[in-house]
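*Asks:* Structure file run_18.pdb (PDB, C-alpha atoms) is given on the next line.
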```
ATOM      1  CA  MET W  70      99.172 124.348 104.021
ATOM      2  CA  SER W  71      95.896 122.493 104.641
ATOM      3  CA  GLN W  72      93.945 124.109 101.801
ATOM      4  CA  GLU W  73      96.889 123.388  99.512
ATOM      5  CA  ASN W  74      96.676 119.734 100.577
ATOM      6  CA  VAL W  75      92.956 119.644  99.729
ATOM      7  CA  GLU W  76      93.638 121.130  96.287
ATOM      8  CA  LEU W  77      96.483 118.663  95.679
ATOM      9  CA  ILE W  78      94.159 115.734  96.443
ATOM     10  CA  ARG W  79      91.437 117.209  94.201
ATOM     11  CA  ARG W  80      93.991 117.530  91.393
ATOM     12  CA  GLY W  81      95.129 113.942  91.967
ATOM     13  CA  TYR W  82      91.601 112.634  91.443
ATOM     14  CA  GLU W  83      91.221 114.740  88.289
ATOM     15  CA  LEU W  84      94.478 113.370  86.903
ATOM     16  CA  PHE W  85      93.582 109.805  87.851
ATOM     17  CA  ASN W  86      90.264 110.109  85.991
ATOM     18  CA  ALA W  87      92.006 111.552  82.932
ATOM     19  CA  GLY W  88      95.035 109.262  82.726
ATOM     20  CA  GLY W  89      95.073 106.616  85.458
ATOM     21  CA  PRO W  90      97.829 106.076  87.999
ATOM     22  CA  GLN W  91     100.641 107.070  85.640
ATOM     23  CA  ALA W  92      99.182 110.566  85.274
ATOM     24  CA  VAL W  93      99.256 111.076  89.055
ATOM     25  CA  ILE W  94     102.785 109.669  89.305
ATOM     26  CA  SER W  95     104.039 111.851  86.450
ATOM     27  CA  ALA W  96     102.575 114.955  88.102
ATOM     28  CA  GLY W  97     104.602 114.247  91.260
ATOM     29  CA  ILE W  98     101.538 114.001  93.496
ATOM     30  CA  TRP W  99     102.346 110.516  94.818
ATOM     31  CA  ALA W 100     105.698 110.311  96.608
ATOM     32  CA  PRO W 101     108.039 107.567  95.327
ATOM     33  CA  GLU W 102     107.686 105.789  98.693
ATOM     34  CA  ILE W 103     103.858 106.047  98.759
ATOM     35  CA  VAL W 104     101.893 103.311 100.533
ATOM     36  CA  PHE W 105      98.351 102.377  99.466
ATOM     37  CA  ASP W 106      96.622 100.375 102.211
ATOM     38  CA  PHE W 107      93.537  98.626 100.847
ATOM     39  CA  SER W 108      93.497  96.095 103.710
ATOM     40  CA  LEU W 109      91.145  98.381 105.649
ATOM     41  CA  SER W 110      88.550  98.222 102.849
ATOM     42  CA  ASP W 111      87.322  94.725 103.726
ATOM     43  CA  ILE W 112      87.505  93.807 100.021
ATOM     44  CA  ALA W 113      88.820  90.261  99.869
ATOM     45  CA  GLY W 114      92.271  89.841  98.379
ATOM     46  CA  LEU W 115      93.352  93.472  98.655
ATOM     47  CA  GLY W 116      96.398  94.380 100.705
ATOM     48  CA  VAL W 117      99.124  96.959 101.077
ATOM     49  CA  TYR W 118     101.043  98.242  98.043
ATOM     50  CA  ARG W 119     104.271 100.228  98.228
ATOM     51  CA  GLY W 120     105.922 102.500  95.700
ATOM     52  CA  HIS W 121     104.965 103.578  92.218
ATOM     53  CA  ASP W 122     105.637 100.220  90.537
ATOM     54  CA  GLN W 123     103.467  98.152  92.905
ATOM     55  CA  ILE W 124     100.644 100.689  92.863
ATOM     56  CA  ARG W 125     100.696 101.071  89.084
ATOM     57  CA  ALA W 126     100.633  97.275  88.688
ATOM     58  CA  PHE W 127      97.812  96.948  91.223
ATOM     59  CA  PHE W 128      95.538  99.386  89.400
ATOM     60  CA  GLU W 129      96.379  98.301  85.868
ATOM     61  CA  GLU W 130      96.476  94.535  86.427
ATOM     62  CA  ASP W 131      94.460  93.732  89.544
ATOM     63  CA  TRP W 132      91.824  96.434  89.929
ATOM     64  CA  PHE W 133      90.980  97.165  86.301
ATOM     65  CA  GLY W 134      91.782  93.580  85.315
ATOM     66  CA  SER W 135      89.241  92.254  87.813
ATOM     67  CA  PHE W 136      86.676  94.954  87.130
ATOM     68  CA  PRO W 137      86.824  95.732  83.405
ATOM     69  CA  PHE W 138      84.838  98.865  82.612
ATOM     70  CA  GLU W 139      84.328 100.682  79.345
ATOM     71  CA  GLU W 140      83.377 103.808  81.259
ATOM     72  CA  TRP W 141      84.859 104.519  84.677
ATOM     73  CA  GLU W 142      85.480 107.538  86.911
ATOM     74  CA  VAL W 143      85.914 108.559  90.505
ATOM     75  CA  ALA W 144      83.460 111.254  91.564
ATOM     76  CA  VAL W 145      84.586 113.150  94.662
ATOM     77  CA  ASP W 146      81.706 113.920  97.022
ATOM     78  CA  GLU W 147      83.697 115.743  99.689
ATOM     79  CA  LEU W 148      87.277 116.537 100.713
ATOM     80  CA  ILE W 149      87.808 117.144 104.426
ATOM     81  CA  ASP W 150      90.859 119.084 105.582
ATOM     82  CA  HIS W 151      92.528 117.461 108.579
ATOM     83  CA  GLY W 152      95.971 119.079 108.773
ATOM     84  CA  ASP W 153      98.519 116.785 107.126
ATOM     85  CA  GLN W 154      95.666 114.515 106.079
ATOM     86  CA  VAL W 155      92.774 114.917 103.680
ATOM     87  CA  ILE W 156      89.768 112.626 103.974
ATOM     88  CA  ALA W 157      88.241 112.012 100.566
ATOM     89  CA  LEU W 158      84.686 110.718 100.259
ATOM     90  CA  SER W 159      84.092 109.472  96.742
ATOM     91  CA  ARG W 160      82.194 107.138  94.451
ATOM     92  CA  GLN W 161      83.621 104.988  91.720
ATOM     93  CA  ARG W 162      81.213 104.694  88.825
ATOM     94  CA  GLY W 163      81.515 102.499  85.805
ATOM     95  CA  ARG W 164      79.801 100.469  83.116
ATOM     96  CA  GLY W 165      80.878  96.870  82.652
ATOM     97  CA  VAL W 166      82.549  95.988  79.354
ATOM     98  CA  SER W 167      80.674  92.751  78.703
ATOM     99  CA  SER W 168      77.444  93.352  80.638
ATOM    100  CA  GLY W 169      76.949  97.062  80.062
ATOM    101  CA  ALA W 170      75.629  97.180  83.620
ATOM    102  CA  ALA W 171      76.175 100.305  85.669
ATOM    103  CA  ALA W 172      78.085  99.865  88.932
ATOM    104  CA  GLU W 173      78.890 102.222  91.791
ATOM    105  CA  LEU W 174      81.134 101.801  94.827
ATOM    106  CA  GLU W 175      81.390 104.294  97.688
ATOM    107  CA  LEU W 176      84.874 104.755  99.086
ATOM    108  CA  ALA W 177      86.573 106.870 101.680
ATOM    109  CA  GLN W 178      90.296 107.467 101.645
ATOM    110  CA  ILE W 179      92.540 109.055 104.220
ATOM    111  CA  CYS W 180      95.415 110.672 102.327
ATOM    112  CA  THR W 181      98.485 111.635 104.343
ATOM    113  CA  LEU W 182     100.748 114.306 102.868
ATOM    114  CA  ARG W 183     104.315 115.317 103.580
ATOM    115  CA  GLY W 184     106.362 117.886 101.710
ATOM    116  CA  GLY W 185     103.664 118.500  99.104
ATOM    117  CA  GLU W 186     103.316 114.807  98.167
ATOM    118  CA  VAL W 187     100.935 112.029  99.146
ATOM    119  CA  VAL W 188     102.869 109.467 101.187
ATOM    120  CA  ARG W 189     100.022 107.202 102.354
ATOM    121  CA  VAL W 190      96.462 106.382 101.295
ATOM    122  CA  GLU W 191      94.178 104.274 103.486
ATOM    123  CA  THR W 192      91.041 103.051 101.721
ATOM    124  CA  TYR W 193      87.733 102.198 103.393
ATOM    125  CA  ILE W 194      84.364 101.041 102.059
ATOM    126  CA  ASP W 195      82.709 102.119 105.307
ATOM    127  CA  ARG W 196      82.773 105.924 105.347
ATOM    128  CA  LYS W 197      81.970 106.030 109.069
ATOM    129  CA  LYS W 198      85.074 103.955 109.855
ATOM    130  CA  ALA W 199      87.201 106.268 107.734
ATOM    131  CA  LEU W 200      85.838 109.373 109.438
ATOM    132  CA  GLU W 201      86.465 107.818 112.862
ATOM    133  CA  ALA W 202      90.005 106.788 111.866
ATOM    134  CA  GLY W 203      90.621 110.309 110.596
ATOM    135  CA  GLY W 204      89.394 111.893 113.816
ATOM    136  CA  GLN W 205      86.177 113.138 112.243
ATOM    137  CA  ALA W 206      83.592 111.014 114.089
ATOM    138  CA  GLU W 207      80.073 112.243 113.409
TER
END
```
Give the structure from the file, written as structure tokens.

*Replies:*
Amino acid sequence: MSQENVELIRRGYELFNAGGPQAVISAGIWAPEIVFDFSLSDIAGLGVYRGHDQIRAFFEEDWFGSFPFEEWEVAVDELIDHGDQVIALSRQRGRGVSSGAAAELELAQICTLRGGEVVRVETYIDRKKALEAGGQAE
């Protein structure tokens, strides 16, 4: 099941890049009771979001509202199989709408899966902390 989990997470990122959170929800990748925990990211003002409605609103209103980009994508650097979890090391890249400036943010996410759906995502800015939390200390 682990390789299937890795492929599901890869597909989720592809869908997110193509159509945002609604595309991932519509594909059934995120469980209805999914929890996104951004509190571990150390980004001020971010917290824990539960369920499709809260997560959709977070991305559409808070994240993209605060960081308006005309070009934006998540580039996956590595997906690490860890049983019922997949650790995703990625970069968000974008170009600001008004400034035209390029921006990049490294992220690490620990995605927990159950029954072929993602039930929890923990987001970190510090990749080392994410790897340690996911039992993958270097």

*Asks:* Have a look at CA of Arg125 in chain W and CA of Ile149 in chain W and let me know their distance in Å, one decimal.

*Replies:* 25.7 Å

*Asks:* Take the PyMOL selection byres ((chain W and resi 164) around 12), run it mentally on this structure, and tell me the resulting residues as a compact mmCIF listing (two decimals) with C-alpha atoms, in the coordinates of the input.

*Replies:*
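File written: result-v8.txt
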```txt
# COMPACT_ATOMS: atom_id res chain seq x y z
CA PHE W 136 86.68 94.95 87.13
CA PRO W 137 86.82 95.73 83.40
CA PHE W 138 84.84 98.86 82.61
CA GLU W 139 84.33 100.68 79.34
CA GLU W 140 83.38 103.81 81.26
CA TRP W 141 84.86 104.52 84.68
CA GLU W 142 85.48 107.54 86.91
CA GLN W 161 83.62 104.99 91.72
CA ARG W 162 81.21 104.69 88.82
CA GLY W 163 81.52 102.50 85.80
CA GLY W 165 80.88 96.87 82.65
CA VAL W 166 82.55 95.99 79.35
CA SER W 167 80.67 92.75 78.70
CA SER W 168 77.44 93.35 80.64
CA GLY W 169 76.95 97.06 80.06
CA ALA W 170 75.63 97.18 83.62
CA ALA W 171 76.18 100.30 85.67
CA ALA W 172 78.08 99.86 88.93
CA GLU W 173 78.89 102.22 91.79
CA LEU W 174 81.13 101.80 94.83
```

*Asks:* Can you work out which one of W:Gly114, W:Gly152, W:Gly203, W:Gly185 has the shortest atom-to-atom distance to Trp99 in chain W, counting all atoms listed in the file?

*Replies:*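 Comparing W:Gly114, W:Gly152, W:Gly203, W:Gly185 against Trp99 in chain W, the winner is W:Gly185.
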
*Asks:* Using only C-alpha atoms, which of W:Val93, W:Leu158, W:Ile103, W:Ala87 sits nearest Arg189 in chain W?

*Replies:*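 Using only C-alpha atoms, the shortest distance to Arg189 in chain W belongs to W:Ile103.
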
*Asks:* So, counting all atoms listed in the file, which residue among W:Leu109, W:Ile179, W:Val75, W:Leu115 is closest to Asp150 in chain W?

*Replies:*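 Looking at the shortest contact to Asp150 in chain W, the residue is W:Val75.
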
*Asks:* Identify which of the residues W:Ala177, W:Val190, W:Ala126, W:Leu84 lies closest to Glu102 in chain W, counting all atoms listed in the file when measuring atom-to-atom distances.

*Replies:* W:Val190

*Asks:* CA of Asp106 in chain W and CA of Leu200 in chain W are how many Å apart?

*Replies:*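 The value is 15.8 Å.
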
*Asks:* State, in Å with one decimal place, the distance from CA of Ser159 in chain W to CA of Arg79 in chain W.

*Replies:*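 Straight-line distance from CA of Ser159 in chain W to CA of Arg79 in chain W works out to 11.0 Å.
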
*Asks:* Looking at W:Gln154, W:Gly81, W:Phe128, W:Ser108, which one is nearest to Arg183 in chain W, with distances taken over all atoms listed in the file?

*Replies:* W:Gln154
